[in-house]
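Accompanying notes for the structure given below.
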Amino acid sequence: GADNGTHYEKGEECDPVEGKPILQAIYDMSSEIEQKVEALRKLETEFRTRPEVKELEEQIYELRHNREFLLMEARGKGVNAQVAGKLTYVLKVKTRKVREVIPVLFANKFGLEIFAKVASIPVGKAEEVVGKDGLADVVSVTEIEGAASVEIARGSGHQ
């Protein structure tokens, strides 16, 4: 064990951080982060409730709403360009191409072996088609580690 009475289940070599064992340092930092986030939320709430901020947010919302309405109207009427005074205004619509493999055509062209190497079937979509019970023997389950945190162990004498 460490000379400060701390017992590590793994990694006896863990260096103390600021004179604390590493897990205690992580726990303390997490607590400090929570306190600072709460302080920031209070400041944001105070800021958001200021009359001038509320008024600006309402004006921005209304302008965006009106702009979207007019854009839909212009597109619906096919208005792509207009002259007003000495300026010409042009409606620009960004487009992008989305490519999608057609599964049946791909499998027919390249065969099921190659199709199986590249195909990916979302579990939710498969469940919609064949039901959850029908998938049990054809689905692999992988456990993925998520976020880590440090807590005080129950019965350790700390609250």
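Simple scheme: letters A, B, ... for chains in structure tokens order, numbers from 1 for residues in each chain, numbers from 1 for ligands in the order shown.
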
Chain A: which residues are strand (DSSP E) by DSSP, as a list in words?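 Output for chain A, strand (DSSP E) only: Ala81, Gln82, Val83, Ala84, Leu87, Thr88, Tyr89 and Val90 of chain A.
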
Just all heavy atoms for this one: save the residues we selected as a compact mmCIF listing (two decimals), in the first residue's frame.
# COMPACT_ATOMS: atom_id res chain seq x y z
N ALA A 81 -34.78 35.89 -58.43
CA ALA A 81 -34.03 37.14 -58.52
C ALA A 81 -35.01 38.29 -58.62
O ALA A 81 -36.09 38.16 -59.19
CB ALA A 81 -33.11 37.13 -59.73
N GLN A 82 -34.61 39.41 -58.03
CA GLN A 82 -35.43 40.62 -58.09
C GLN A 82 -34.50 41.83 -58.15
O GLN A 82 -33.45 41.84 -57.52
CB GLN A 82 -36.33 40.78 -56.86
CG GLN A 82 -37.50 39.84 -56.83
CD GLN A 82 -38.37 40.08 -55.60
OE1 GLN A 82 -37.89 40.44 -54.54
NE2 GLN A 82 -39.67 39.85 -55.76
N VAL A 83 -34.94 42.84 -58.90
CA VAL A 83 -34.21 44.10 -58.95
C VAL A 83 -34.95 45.10 -58.08
O VAL A 83 -36.17 45.26 -58.20
CB VAL A 83 -34.09 44.62 -60.40
CG1 VAL A 83 -33.39 45.97 -60.44
CG2 VAL A 83 -33.37 43.60 -61.27
N ALA A 84 -34.23 45.77 -57.21
CA ALA A 84 -34.80 46.82 -56.37
C ALA A 84 -33.81 47.97 -56.39
O ALA A 84 -32.71 47.87 -55.86
CB ALA A 84 -35.03 46.33 -54.95
N LEU A 87 -29.82 47.55 -57.16
CA LEU A 87 -29.32 46.26 -56.71
C LEU A 87 -30.18 45.12 -57.22
O LEU A 87 -31.40 45.25 -57.34
CB LEU A 87 -29.27 46.21 -55.18
CG LEU A 87 -28.35 47.21 -54.49
CD1 LEU A 87 -28.51 47.12 -52.99
CD2 LEU A 87 -26.90 46.98 -54.90
N THR A 88 -29.53 44.01 -57.50
CA THR A 88 -30.23 42.79 -57.86
C THR A 88 -30.03 41.79 -56.73
O THR A 88 -28.89 41.51 -56.35
CB THR A 88 -29.68 42.20 -59.18
OG1 THR A 88 -29.84 43.17 -60.22
CG2 THR A 88 -30.42 40.92 -59.55
N TYR A 89 -31.13 41.28 -56.21
CA TYR A 89 -31.09 40.30 -55.13
C TYR A 89 -31.33 38.93 -55.74
O TYR A 89 -32.27 38.75 -56.52
CB TYR A 89 -32.16 40.60 -54.07
CG TYR A 89 -31.93 41.94 -53.40
CD1 TYR A 89 -32.49 43.11 -53.90
CD2 TYR A 89 -31.15 42.02 -52.25
CE1 TYR A 89 -32.26 44.33 -53.29
CE2 TYR A 89 -30.93 43.24 -51.63
CZ TYR A 89 -31.49 44.39 -52.15
OH TYR A 89 -31.28 45.60 -51.54
N VAL A 90 -30.48 37.98 -55.40
CA VAL A 90 -30.56 36.63 -55.96
C VAL A 90 -30.76 35.63 -54.82
O VAL A 90 -30.05 35.67 -53.82
CB VAL A 90 -29.27 36.28 -56.74
CG1 VAL A 90 -29.36 34.87 -57.32
CG2 VAL A 90 -29.02 37.30 -57.84

Sel. of helix (DSSP H, G or I) residues, range 16-157 of chain A, as number ranges by chain: A: 22-48, 51-77, 103-110, 112-118, 123-130, 133-138

Contacts of Val123 in chain A at 10 Å (only C-alpha atoms; same-chain gap of 2+ positions) as a VMD selection string: chain A and resid 120 to 121 125 to 128 132 135 139

Would you output that residue set with C-alpha atoms, as a JSON list (two decimals), in the first residue's frame?
[["chain", "number", "residue", "atom", "x", "y", "z"],
["A", 120, "SER", "CA", -24.51, -2.64, -41.73],
["A", 121, "ILE", "CA", -28.03, -3.18, -40.44],
["A", 125, "LYS", "CA", -34.55, -1.09, -38.10],
["A", 126, "ALA", "CA", -34.16, -4.89, -38.03],
["A", 127, "GLU", "CA", -36.39, -5.09, -34.93],
["A", 128, "GLU", "CA", -39.07, -3.10, -36.77],
["A", 132, "LYS", "CA", -36.96, -8.26, -31.24],
["A", 135, "LEU", "CA", -32.87, -11.20, -33.67],
["A", 139, "VAL", "CA", -26.98, -9.98, -33.11]]

Near Asp28 in chain A, within 12 Å and counting only C-alpha atoms, which residues show up once chain neighbours fewer than 3 positions away are dropped, as a ChimeraX atom specification? /A:17-18,20-25,31-35,149-152

Mind pulling up the distance from CA of Asn66 in chain A to CA of Thr45 in chain A?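 Taking CA of Thr45 in chain A as the start and CA of Asn66 in chain A as the end point, the length is 27.2 Å.
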